[in-house]
Amino acid sequence: MIGEVDWQTFWSPIALSLRVALLSSIAAMALGVGAARWMTRRSFAGKTLLETAFMLPLVLPPTVVGFLLLVGLGRKSWIGRFAEWLFAAPIVFSWWAAVIASVVVAFPLVYQTMKTGFLSVDKGLEEAARSSGANERQVFAYITLPLAYRSFVTAYVLGFARGFGEFGATLMIAGNIPGRTQTTPTAIYLAVDAGNATMAWLWTLSMIAVSFLLLIFARSRND
């Protein structure tokens, strides 16, 4: 039965999922680290409300997130129209839509992990570096980030894994177009729906393997 597998069909969604996860995890890390650093250093009116908004994608059903993205980035929205004018193609039902969906759902995990990491850093060490003449960039690069290294690794692994396994929001905004927007989770859904247990199992095992390697990597970095 394995010999009858169309390996090009098998590898296509895996390659797309890895590409989406890589790009979305980098973007989620940049946004999450920046937001966590900013929020841990400031107190202002409405901070709790803003932080609650940051965490919403973590608790909202993925279909709700996907619907909101579809409305906000669709061809009837000003963002969607501007993007279509700029890139000569709509955002929705493209693989970039899958990246955006993955960034949105991965951001809360990255943000919360990095916030915990930054709060664990000894503020006295940061102040000592500043008093020695270090600017904020140097304090962050040579004091804060190294001390929060474990949180940084964990945040990236969580962001990558969340992007790699994203399904609901991706299906809503990117669709399930084979060879174009079909990621591994959506391919599994289609295979099960079509009764193709062989492909469903192969894709499932591939996701388990990638997830296992991610956990091994995270543990090796944090030991």
# chains A, B, ... in the order shown; residues from 1 in each chain; ligands from 1

call {"tool": "residues_around", "arguments": {"residues": "segment 182-190 of chain A", "least_positions_apart": "3", "cutoff": "9 Å", "atoms": "only C-alpha atoms", "output": "PDB file with all heavy atoms, in the first residue's frame"}}
result
ATOM      1  N   PHE A  10       2.147  13.735  -1.207  1.00  0.00           N
ATOM      2  CA  PHE A  10       2.448  13.617   0.216  1.00  0.00           C
ATOM      3  C   PHE A  10       3.332  14.765   0.702  1.00  0.00           C
ATOM      4  O   PHE A  10       3.071  15.366   1.750  1.00  0.00           O
ATOM      5  CB  PHE A  10       3.147  12.285   0.479  1.00  0.00           C
ATOM      6  CG  PHE A  10       3.742  12.173   1.858  1.00  0.00           C
ATOM      7  CD1 PHE A  10       2.931  11.976   2.954  1.00  0.00           C
ATOM      8  CD2 PHE A  10       5.115  12.267   2.047  1.00  0.00           C
ATOM      9  CE1 PHE A  10       3.476  11.876   4.237  1.00  0.00           C
ATOM     10  CE2 PHE A  10       5.665  12.166   3.315  1.00  0.00           C
ATOM     11  CZ  PHE A  10       4.850  11.969   4.408  1.00  0.00           C
ATOM     12  N   SER A  12       3.980  17.780  -0.660  1.00  0.00           N
ATOM     13  CA  SER A  12       3.552  19.153  -0.921  1.00  0.00           C
ATOM     14  C   SER A  12       2.983  19.853   0.311  1.00  0.00           C
ATOM     15  O   SER A  12       3.436  20.951   0.665  1.00  0.00           O
ATOM     16  CB  SER A  12       2.543  19.177  -2.075  1.00  0.00           C
ATOM     17  OG  SER A  12       2.074  20.480  -2.304  1.00  0.00           O
ATOM     18  N   PRO A  13       1.995  19.289   1.018  1.00  0.00           N
ATOM     19  CA  PRO A  13       1.480  19.976   2.205  1.00  0.00           C
ATOM     20  C   PRO A  13       2.475  20.054   3.353  1.00  0.00           C
ATOM     21  O   PRO A  13       2.461  21.019   4.124  1.00  0.00           O
ATOM     22  CB  PRO A  13       0.242  19.158   2.593  1.00  0.00           C
ATOM     23  CG  PRO A  13       0.440  17.836   1.975  1.00  0.00           C
ATOM     24  CD  PRO A  13       1.212  18.067   0.729  1.00  0.00           C
ATOM     25  N   ILE A  14       3.365  19.049   3.444  1.00  0.00           N
ATOM     26  CA  ILE A  14       4.372  19.095   4.500  1.00  0.00           C
ATOM     27  C   ILE A  14       5.344  20.245   4.254  1.00  0.00           C
ATOM     28  O   ILE A  14       5.686  21.003   5.167  1.00  0.00           O
ATOM     29  CB  ILE A  14       5.131  17.756   4.580  1.00  0.00           C
ATOM     30  CG1 ILE A  14       4.197  16.641   5.034  1.00  0.00           C
ATOM     31  CG2 ILE A  14       6.329  17.869   5.529  1.00  0.00           C
ATOM     32  CD1 ILE A  14       4.835  15.274   5.064  1.00  0.00           C
ATOM     33  N   ALA A  15       5.790  20.388   3.014  1.00  0.00           N
ATOM     34  CA  ALA A  15       6.703  21.480   2.673  1.00  0.00           C
ATOM     35  C   ALA A  15       6.047  22.832   2.930  1.00  0.00           C
ATOM     36  O   ALA A  15       6.683  23.751   3.470  1.00  0.00           O
ATOM     37  CB  ALA A  15       7.125  21.369   1.207  1.00  0.00           C
ATOM     38  N   LEU A  16       4.771  22.956   2.558  1.00  0.00           N
ATOM     39  CA  LEU A  16       4.069  24.218   2.789  1.00  0.00           C
ATOM     40  C   LEU A  16       3.898  24.479   4.278  1.00  0.00           C
ATOM     41  O   LEU A  16       4.082  25.613   4.739  1.00  0.00           O
ATOM     42  CB  LEU A  16       2.708  24.203   2.086  1.00  0.00           C
ATOM     43  CG  LEU A  16       1.872  25.486   2.251  1.00  0.00           C
ATOM     44  CD1 LEU A  16       2.632  26.697   1.710  1.00  0.00           C
ATOM     45  CD2 LEU A  16       0.535  25.343   1.546  1.00  0.00           C
ATOM     46  N   SER A  17       3.563  23.447   5.039  1.00  0.00           N
ATOM     47  CA  SER A  17       3.391  23.610   6.487  1.00  0.00           C
ATOM     48  C   SER A  17       4.685  24.069   7.147  1.00  0.00           C
ATOM     49  O   SER A  17       4.674  24.943   8.021  1.00  0.00           O
ATOM     50  CB  SER A  17       2.925  22.296   7.121  1.00  0.00           C
ATOM     51  OG  SER A  17       1.595  22.012   6.766  1.00  0.00           O
ATOM     52  N   LEU A  18       5.804  23.485   6.741  1.00  0.00           N
ATOM     53  CA  LEU A  18       7.091  23.890   7.305  1.00  0.00           C
ATOM     54  C   LEU A  18       7.433  25.326   6.925  1.00  0.00           C
ATOM     55  O   LEU A  18       7.962  26.086   7.755  1.00  0.00           O
ATOM     56  CB  LEU A  18       8.190  22.939   6.825  1.00  0.00           C
ATOM     57  CG  LEU A  18       8.129  21.516   7.388  1.00  0.00           C
ATOM     58  CD1 LEU A  18       9.155  20.625   6.691  1.00  0.00           C
ATOM     59  CD2 LEU A  18       8.376  21.518   8.897  1.00  0.00           C
ATOM     60  N   VAL A  20       5.250  27.737   6.178  1.00  0.00           N
ATOM     61  CA  VAL A  20       4.324  28.589   6.929  1.00  0.00           C
ATOM     62  C   VAL A  20       4.759  28.695   8.382  1.00  0.00           C
ATOM     63  O   VAL A  20       4.784  29.788   8.966  1.00  0.00           O
ATOM     64  CB  VAL A  20       2.883  28.038   6.837  1.00  0.00           C
ATOM     65  CG1 VAL A  20       1.967  28.728   7.851  1.00  0.00           C
ATOM     66  CG2 VAL A  20       2.330  28.247   5.434  1.00  0.00           C
ATOM     67  N   TRP A  95      -1.195  31.241   0.225  1.00  0.00           N
ATOM     68  CA  TRP A  95      -0.434  30.646   1.319  1.00  0.00           C
ATOM     69  C   TRP A  95       0.023  31.694   2.319  1.00  0.00           C
ATOM     70  O   TRP A  95       0.265  31.388   3.488  1.00  0.00           O
ATOM     71  CB  TRP A  95       0.736  29.820   0.799  1.00  0.00           C
ATOM     72  CG  TRP A  95       1.896  30.593   0.250  1.00  0.00           C
ATOM     73  CD1 TRP A  95       2.036  31.058  -1.011  1.00  0.00           C
ATOM     74  CD2 TRP A  95       3.085  30.968   0.962  1.00  0.00           C
ATOM     75  NE1 TRP A  95       3.242  31.706  -1.138  1.00  0.00           N
ATOM     76  CE2 TRP A  95       3.901  31.656   0.051  1.00  0.00           C
ATOM     77  CE3 TRP A  95       3.534  30.777   2.266  1.00  0.00           C
ATOM     78  CZ2 TRP A  95       5.144  32.172   0.407  1.00  0.00           C
ATOM     79  CZ3 TRP A  95       4.773  31.290   2.629  1.00  0.00           C
ATOM     80  CH2 TRP A  95       5.563  31.977   1.705  1.00  0.00           C
ATOM     81  N   ALA A  98      -2.301  31.769   5.154  1.00  0.00           N
ATOM     82  CA  ALA A  98      -1.997  30.740   6.157  1.00  0.00           C
ATOM     83  C   ALA A  98      -0.931  31.242   7.124  1.00  0.00           C
ATOM     84  O   ALA A  98      -0.985  30.960   8.330  1.00  0.00           O
ATOM     85  CB  ALA A  98      -1.538  29.453   5.478  1.00  0.00           C
ATOM     86  N   PHE A 164       2.704  25.227  12.744  1.00  0.00           N
ATOM     87  CA  PHE A 164       2.767  23.979  11.981  1.00  0.00           C
ATOM     88  C   PHE A 164       1.457  23.203  12.090  1.00  0.00           C
ATOM     89  O   PHE A 164       1.028  22.546  11.138  1.00  0.00           O
ATOM     90  CB  PHE A 164       3.928  23.128  12.494  1.00  0.00           C
ATOM     91  CG  PHE A 164       4.164  21.884  11.693  1.00  0.00           C
ATOM     92  CD1 PHE A 164       4.598  21.950  10.376  1.00  0.00           C
ATOM     93  CD2 PHE A 164       3.971  20.626  12.250  1.00  0.00           C
ATOM     94  CE1 PHE A 164       4.819  20.805   9.625  1.00  0.00           C
ATOM     95  CE2 PHE A 164       4.201  19.470  11.512  1.00  0.00           C
ATOM     96  CZ  PHE A 164       4.619  19.559  10.196  1.00  0.00           C
ATOM     97  N   GLY A 165       0.810  23.295  13.241  1.00  0.00           N
ATOM     98  CA  GLY A 165      -0.416  22.526  13.448  1.00  0.00           C
ATOM     99  C   GLY A 165      -1.707  23.310  13.275  1.00  0.00           C
ATOM    100  O   GLY A 165      -2.790  22.749  13.498  1.00  0.00           O
ATOM    101  N   GLU A 166      -1.620  24.569  12.887  1.00  0.00           N
ATOM    102  CA  GLU A 166      -2.821  25.388  12.769  1.00  0.00           C
ATOM    103  C   GLU A 166      -3.775  24.834  11.704  1.00  0.00           C
ATOM    104  O   GLU A 166      -3.370  24.470  10.618  1.00  0.00           O
ATOM    105  CB  GLU A 166      -2.406  26.826  12.442  1.00  0.00           C
ATOM    106  CG  GLU A 166      -3.446  27.793  11.970  1.00  0.00           C
ATOM    107  CD  GLU A 166      -4.811  27.736  12.609  1.00  0.00           C
ATOM    108  OE1 GLU A 166      -4.920  27.499  13.824  1.00  0.00           O
ATOM    109  OE2 GLU A 166      -5.775  27.898  11.891  1.00  0.00           O
ATOM    110  N   PHE A 167      -5.067  24.797  12.045  1.00  0.00           N
ATOM    111  CA  PHE A 167      -6.061  24.214  11.145  1.00  0.00           C
ATOM    112  C   PHE A 167      -7.258  25.131  10.897  1.00  0.00           C
ATOM    113  O   PHE A 167      -7.503  25.554   9.777  1.00  0.00           O
ATOM    114  CB  PHE A 167      -6.550  22.872  11.700  1.00  0.00           C
ATOM    115  CG  PHE A 167      -7.700  22.281  10.934  1.00  0.00           C
ATOM    116  CD1 PHE A 167      -7.496  21.711   9.688  1.00  0.00           C
ATOM    117  CD2 PHE A 167      -8.987  22.312  11.447  1.00  0.00           C
ATOM    118  CE1 PHE A 167      -8.553  21.177   8.958  1.00  0.00           C
ATOM    119  CE2 PHE A 167     -10.056  21.775  10.739  1.00  0.00           C
ATOM    120  CZ  PHE A 167      -9.835  21.208   9.487  1.00  0.00           C
ATOM    121  N   GLY A 168      -8.007  25.443  11.964  1.00  0.00           N
ATOM    122  CA  GLY A 168      -9.291  26.116  11.792  1.00  0.00           C
ATOM    123  C   GLY A 168      -9.220  27.461  11.105  1.00  0.00           C
ATOM    124  O   GLY A 168      -9.910  27.708  10.107  1.00  0.00           O
ATOM    125  N   THR A 170      -6.736  28.712   9.434  1.00  0.00           N
ATOM    126  CA  THR A 170      -6.141  28.543   8.107  1.00  0.00           C
ATOM    127  C   THR A 170      -7.175  28.093   7.091  1.00  0.00           C
ATOM    128  O   THR A 170      -7.219  28.590   5.961  1.00  0.00           O
ATOM    129  CB  THR A 170      -4.984  27.514   8.166  1.00  0.00           C
ATOM    130  OG1 THR A 170      -3.973  27.997   9.044  1.00  0.00           O
ATOM    131  CG2 THR A 170      -4.394  27.286   6.792  1.00  0.00           C
ATOM    132  N   LEU A 171      -8.009  27.136   7.480  1.00  0.00           N
ATOM    133  CA  LEU A 171      -9.041  26.642   6.578  1.00  0.00           C
ATOM    134  C   LEU A 171     -10.008  27.744   6.181  1.00  0.00           C
ATOM    135  O   LEU A 171     -10.457  27.808   5.035  1.00  0.00           O
ATOM    136  CB  LEU A 171      -9.797  25.489   7.244  1.00  0.00           C
ATOM    137  CG  LEU A 171     -10.787  24.718   6.368  1.00  0.00           C
ATOM    138  CD1 LEU A 171     -10.067  24.024   5.215  1.00  0.00           C
ATOM    139  CD2 LEU A 171     -11.545  23.692   7.209  1.00  0.00           C
ATOM    140  N   ALA A 174      -7.403  30.673   4.229  1.00  0.00           N
ATOM    141  CA  ALA A 174      -6.531  30.223   3.138  1.00  0.00           C
ATOM    142  C   ALA A 174      -7.168  29.120   2.307  1.00  0.00           C
ATOM    143  O   ALA A 174      -6.747  28.862   1.180  1.00  0.00           O
ATOM    144  CB  ALA A 174      -5.192  29.748   3.694  1.00  0.00           C
ATOM    145  N   GLY A 175      -8.158  28.432   2.869  1.00  0.00           N
ATOM    146  CA  GLY A 175      -8.793  27.349   2.135  1.00  0.00           C
ATOM    147  C   GLY A 175      -7.970  26.073   2.205  1.00  0.00           C
ATOM    148  O   GLY A 175      -7.053  25.932   3.005  1.00  0.00           O
ATOM    149  N   ASN A 176      -8.296  25.152   1.321  1.00  0.00           N
ATOM    150  CA  ASN A 176      -7.631  23.845   1.295  1.00  0.00           C
ATOM    151  C   ASN A 176      -7.382  23.461  -0.158  1.00  0.00           C
ATOM    152  O   ASN A 176      -7.878  22.450  -0.646  1.00  0.00           O
ATOM    153  CB  ASN A 176      -8.520  22.810   1.998  1.00  0.00           C
ATOM    154  CG  ASN A 176      -7.819  21.485   2.210  1.00  0.00           C
ATOM    155  OD1 ASN A 176      -6.606  21.377   2.052  1.00  0.00           O
ATOM    156  ND2 ASN A 176      -8.585  20.460   2.551  1.00  0.00           N
ATOM    157  N   ILE A 177      -6.590  24.288  -0.842  1.00  0.00           N
ATOM    158  CA  ILE A 177      -6.330  24.102  -2.263  1.00  0.00           C
ATOM    159  C   ILE A 177      -5.062  23.277  -2.442  1.00  0.00           C
ATOM    160  O   ILE A 177      -3.963  23.747  -2.108  1.00  0.00           O
ATOM    161  CB  ILE A 177      -6.178  25.462  -2.982  1.00  0.00           C
ATOM    162  CG1 ILE A 177      -7.378  26.363  -2.682  1.00  0.00           C
ATOM    163  CG2 ILE A 177      -6.016  25.261  -4.476  1.00  0.00           C
ATOM    164  CD1 ILE A 177      -7.204  27.795  -3.158  1.00  0.00           C
ATOM    165  N   PRO A 178      -5.160  22.041  -2.925  1.00  0.00           N
ATOM    166  CA  PRO A 178      -3.969  21.193  -3.087  1.00  0.00           C
ATOM    167  C   PRO A 178      -2.896  21.873  -3.936  1.00  0.00           C
ATOM    168  O   PRO A 178      -3.183  22.428  -4.997  1.00  0.00           O
ATOM    169  CB  PRO A 178      -4.526  19.947  -3.787  1.00  0.00           C
ATOM    170  CG  PRO A 178      -5.962  19.894  -3.374  1.00  0.00           C
ATOM    171  CD  PRO A 178      -6.401  21.336  -3.311  1.00  0.00           C
ATOM    172  N   GLY A 179      -1.675  21.848  -3.434  1.00  0.00           N
ATOM    173  CA  GLY A 179      -0.560  22.438  -4.160  1.00  0.00           C
ATOM    174  C   GLY A 179      -0.415  23.930  -3.989  1.00  0.00           C
ATOM    175  O   GLY A 179       0.585  24.509  -4.405  1.00  0.00           O
ATOM    176  N   ASP A 193     -11.835  12.703   5.196  1.00  0.00           N
ATOM    177  CA  ASP A 193     -13.149  12.906   4.584  1.00  0.00           C
ATOM    178  C   ASP A 193     -13.318  12.054   3.324  1.00  0.00           C
ATOM    179  O   ASP A 193     -14.425  11.602   3.007  1.00  0.00           O
ATOM    180  CB  ASP A 193     -13.327  14.393   4.250  1.00  0.00           C
ATOM    181  CG  ASP A 193     -14.750  14.732   3.846  1.00  0.00           C
ATOM    182  OD1 ASP A 193     -15.676  14.412   4.619  1.00  0.00           O
ATOM    183  OD2 ASP A 193     -14.939  15.301   2.752  1.00  0.00           O
ATOM    184  N   ALA A 194     -12.205  11.835   2.590  1.00  0.00           N
ATOM    185  CA  ALA A 194     -12.245  11.044   1.363  1.00  0.00           C
ATOM    186  C   ALA A 194     -12.051   9.554   1.629  1.00  0.00           C
ATOM    187  O   ALA A 194     -12.080   8.754   0.688  1.00  0.00           O
ATOM    188  CB  ALA A 194     -11.181  11.538   0.389  1.00  0.00           C
ATOM    189  N   GLY A 195     -11.815   9.172   2.881  1.00  0.00           N
ATOM    190  CA  GLY A 195     -11.619   7.774   3.215  1.00  0.00           C
ATOM    191  C   GLY A 195     -10.243   7.240   2.864  1.00  0.00           C
ATOM    192  O   GLY A 195     -10.052   6.025   2.769  1.00  0.00           O
ATOM    193  N   ASN A 196      -9.272   8.139   2.676  1.00  0.00           N
ATOM    194  CA  ASN A 196      -7.911   7.736   2.337  1.00  0.00           C
ATOM    195  C   ASN A 196      -7.100   7.609   3.629  1.00  0.00           C
ATOM    196  O   ASN A 196      -6.347   8.515   4.013  1.00  0.00           O
ATOM    197  CB  ASN A 196      -7.281   8.761   1.389  1.00  0.00           C
ATOM    198  CG  ASN A 196      -5.978   8.263   0.781  1.00  0.00           C
ATOM    199  OD1 ASN A 196      -5.361   7.327   1.280  1.00  0.00           O
ATOM    200  ND2 ASN A 196      -5.551   8.893  -0.297  1.00  0.00           N
ATOM    201  N   MET A 199      -2.951   7.940   3.424  1.00  0.00           N
ATOM    202  CA  MET A 199      -2.378   9.280   3.408  1.00  0.00           C
ATOM    203  C   MET A 199      -2.601   9.987   4.737  1.00  0.00           C
ATOM    204  O   MET A 199      -1.720  10.710   5.222  1.00  0.00           O
ATOM    205  CB  MET A 199      -2.990  10.098   2.264  1.00  0.00           C
ATOM    206  CG  MET A 199      -2.629   9.597   0.876  1.00  0.00           C
ATOM    207  SD  MET A 199      -0.836   9.612   0.559  1.00  0.00           S
ATOM    208  CE  MET A 199      -0.497  11.359   0.497  1.00  0.00           C
ATOM    209  N   ALA A 200      -3.772   9.776   5.332  1.00  0.00           N
ATOM    210  CA  ALA A 200      -4.046  10.402   6.630  1.00  0.00           C
ATOM    211  C   ALA A 200      -3.037   9.937   7.671  1.00  0.00           C
ATOM    212  O   ALA A 200      -2.507  10.743   8.455  1.00  0.00           O
ATOM    213  CB  ALA A 200      -5.466  10.077   7.076  1.00  0.00           C
ATOM    214  N   TRP A 201      -2.733   8.636   7.678  1.00  0.00           N
ATOM    215  CA  TRP A 201      -1.762   8.100   8.619  1.00  0.00           C
ATOM    216  C   TRP A 201      -0.351   8.625   8.340  1.00  0.00           C
ATOM    217  O   TRP A 201       0.388   8.986   9.269  1.00  0.00           O
ATOM    218  CB  TRP A 201      -1.752   6.575   8.566  1.00  0.00           C
ATOM    219  CG  TRP A 201      -2.668   5.936   9.557  1.00  0.00           C
ATOM    220  CD1 TRP A 201      -3.793   5.219   9.305  1.00  0.00           C
ATOM    221  CD2 TRP A 201      -2.526   5.964  10.976  1.00  0.00           C
ATOM    222  NE1 TRP A 201      -4.379   4.797  10.477  1.00  0.00           N
ATOM    223  CE2 TRP A 201      -3.613   5.242  11.526  1.00  0.00           C
ATOM    224  CE3 TRP A 201      -1.591   6.533  11.843  1.00  0.00           C
ATOM    225  CZ2 TRP A 201      -3.786   5.072  12.894  1.00  0.00           C
ATOM    226  CZ3 TRP A 201      -1.765   6.363  13.222  1.00  0.00           C
ATOM    227  CH2 TRP A 201      -2.846   5.643  13.722  1.00  0.00           C
ATOM    228  N   LEU A 202       0.031   8.689   7.095  1.00  0.00           N
ATOM    229  CA  LEU A 202       1.370   9.171   6.751  1.00  0.00           C
ATOM    230  C   LEU A 202       1.553  10.626   7.166  1.00  0.00           C
ATOM    231  O   LEU A 202       2.591  11.007   7.732  1.00  0.00           O
ATOM    232  CB  LEU A 202       1.617   9.008   5.246  1.00  0.00           C
ATOM    233  CG  LEU A 202       1.846   7.576   4.756  1.00  0.00           C
ATOM    234  CD1 LEU A 202       1.911   7.547   3.234  1.00  0.00           C
ATOM    235  CD2 LEU A 202       3.124   6.992   5.350  1.00  0.00           C
ATOM    236  N   TRP A 203       0.562  11.450   6.892  1.00  0.00           N
ATOM    237  CA  TRP A 203       0.648  12.857   7.294  1.00  0.00           C
ATOM    238  C   TRP A 203       0.618  13.003   8.808  1.00  0.00           C
ATOM    239  O   TRP A 203       1.328  13.835   9.372  1.00  0.00           O
ATOM    240  CB  TRP A 203      -0.477  13.662   6.647  1.00  0.00           C
ATOM    241  CG  TRP A 203      -0.206  14.035   5.226  1.00  0.00           C
ATOM    242  CD1 TRP A 203       0.973  14.478   4.707  1.00  0.00           C
ATOM    243  CD2 TRP A 203      -1.128  14.005   4.146  1.00  0.00           C
ATOM    244  NE1 TRP A 203       0.844  14.734   3.365  1.00  0.00           N
ATOM    245  CE2 TRP A 203      -0.441  14.449   2.981  1.00  0.00           C
ATOM    246  CE3 TRP A 203      -2.474  13.655   4.006  1.00  0.00           C
ATOM    247  CZ2 TRP A 203      -1.044  14.558   1.733  1.00  0.00           C
ATOM    248  CZ3 TRP A 203      -3.079  13.752   2.762  1.00  0.00           C
ATOM    249  CH2 TRP A 203      -2.368  14.202   1.643  1.00  0.00           C
ATOM    250  N   THR A 204      -0.203  12.194   9.457  1.00  0.00           N
ATOM    251  CA  THR A 204      -0.268  12.240  10.916  1.00  0.00           C
ATOM    252  C   THR A 204       1.069  11.857  11.531  1.00  0.00           C
ATOM    253  O   THR A 204       1.572  12.530  12.455  1.00  0.00           O
ATOM    254  CB  THR A 204      -1.368  11.294  11.437  1.00  0.00           C
ATOM    255  OG1 THR A 204      -2.641  11.735  10.940  1.00  0.00           O
ATOM    256  CG2 THR A 204      -1.395  11.266  12.955  1.00  0.00           C
ATOM    257  N   SER A 206       3.957  12.081  10.157  1.00  0.00           N
ATOM    258  CA  SER A 206       4.945  13.123   9.863  1.00  0.00           C
ATOM    259  C   SER A 206       4.825  14.282  10.846  1.00  0.00           C
ATOM    260  O   SER A 206       5.842  14.832  11.296  1.00  0.00           O
ATOM    261  CB  SER A 206       4.780  13.631   8.426  1.00  0.00           C
ATOM    262  OG  SER A 206       3.592  14.392   8.278  1.00  0.00           O
ATOM    263  N   MET A 207       3.603  14.638  11.223  1.00  0.00           N
ATOM    264  CA  MET A 207       3.404  15.720  12.189  1.00  0.00           C
ATOM    265  C   MET A 207       3.873  15.297  13.573  1.00  0.00           C
ATOM    266  O   MET A 207       4.454  16.105  14.310  1.00  0.00           O
ATOM    267  CB  MET A 207       1.935  16.135  12.221  1.00  0.00           C
ATOM    268  CG  MET A 207       1.448  16.789  10.943  1.00  0.00           C
ATOM    269  SD  MET A 207      -0.022  17.802  11.184  1.00  0.00           S
ATOM    270  CE  MET A 207       0.649  19.188  12.107  1.00  0.00           C
TER     271      MET A 207
END

call {"tool": "closest_atom_pairs", "arguments": {"of": "segment 33-68 of chain A", "to": "segment 104-124 of chain A", "cutoff": "10 Å", "atoms": "only C-alpha atoms", "output": "JSON lines"}}
result
{"residue": "A:Val33", "atom": "CA", "partner": "A:Met114", "partner_atom": "CA", "distance": 6.1}
{"residue": "A:Gly34", "atom": "CA", "partner": "A:Tyr111", "partner_atom": "CA", "distance": 8.6}
{"residue": "A:Ala35", "atom": "CA", "partner": "A:Tyr111", "partner_atom": "CA", "distance": 6.8}
{"residue": "A:Ala36", "atom": "CA", "partner": "A:Lys115", "partner_atom": "CA", "distance": 4.8}
{"residue": "A:Arg37", "atom": "CA", "partner": "A:Phe118", "partner_atom": "CA", "distance": 6.9}
{"residue": "A:Trp38", "atom": "CA", "partner": "A:Lys115", "partner_atom": "CA", "distance": 9.4}
{"residue": "A:Met39", "atom": "CA", "partner": "A:Lys115", "partner_atom": "CA", "distance": 7.9}
{"residue": "A:Thr40", "atom": "CA", "partner": "A:Lys115", "partner_atom": "CA", "distance": 6.7}
{"residue": "A:Arg41", "atom": "CA", "partner": "A:Leu119", "partner_atom": "CA", "distance": 9.3}
{"residue": "A:Glu51", "atom": "CA", "partner": "A:Pro108", "partner_atom": "CA", "distance": 9.5}
{"residue": "A:Thr52", "atom": "CA", "partner": "A:Pro108", "partner_atom": "CA", "distance": 9.8}
{"residue": "A:Ala53", "atom": "CA", "partner": "A:Pro108", "partner_atom": "CA", "distance": 9.4}
{"residue": "A:Phe54", "atom": "CA", "partner": "A:Pro108", "partner_atom": "CA", "distance": 6.1}
{"residue": "A:Met55", "atom": "CA", "partner": "A:Pro108", "partner_atom": "CA", "distance": 5.0}
{"residue": "A:Leu56", "atom": "CA", "partner": "A:Pro108", "partner_atom": "CA", "distance": 7.7}
{"residue": "A:Pro57", "atom": "CA", "partner": "A:Val105", "partner_atom": "CA", "distance": 5.4}
{"residue": "A:Leu58", "atom": "CA", "partner": "A:Pro108", "partner_atom": "CA", "distance": 6.1}
{"residue": "A:Val59", "atom": "CA", "partner": "A:Val105", "partner_atom": "CA", "distance": 9.5}
{"residue": "A:Leu60", "atom": "CA", "partner": "A:Val105", "partner_atom": "CA", "distance": 9.4}
{"residue": "A:Pro62", "atom": "CA", "partner": "A:Val105", "partner_atom": "CA", "distance": 8.1}
{"residue": "A:Val65", "atom": "CA", "partner": "A:Val105", "partner_atom": "CA", "distance": 8.1}
{"residue": "A:Gly66", "atom": "CA", "partner": "A:Val104", "partner_atom": "CA", "distance": 9.7}

call {"tool": "closest_residue", "arguments": {"among": "A:Tyr142, A:Phe67, A:Tyr156, A:Phe82", "to": "Leu22 of chain A", "atoms": "only C-alpha atoms"}}
result
A:Tyr156
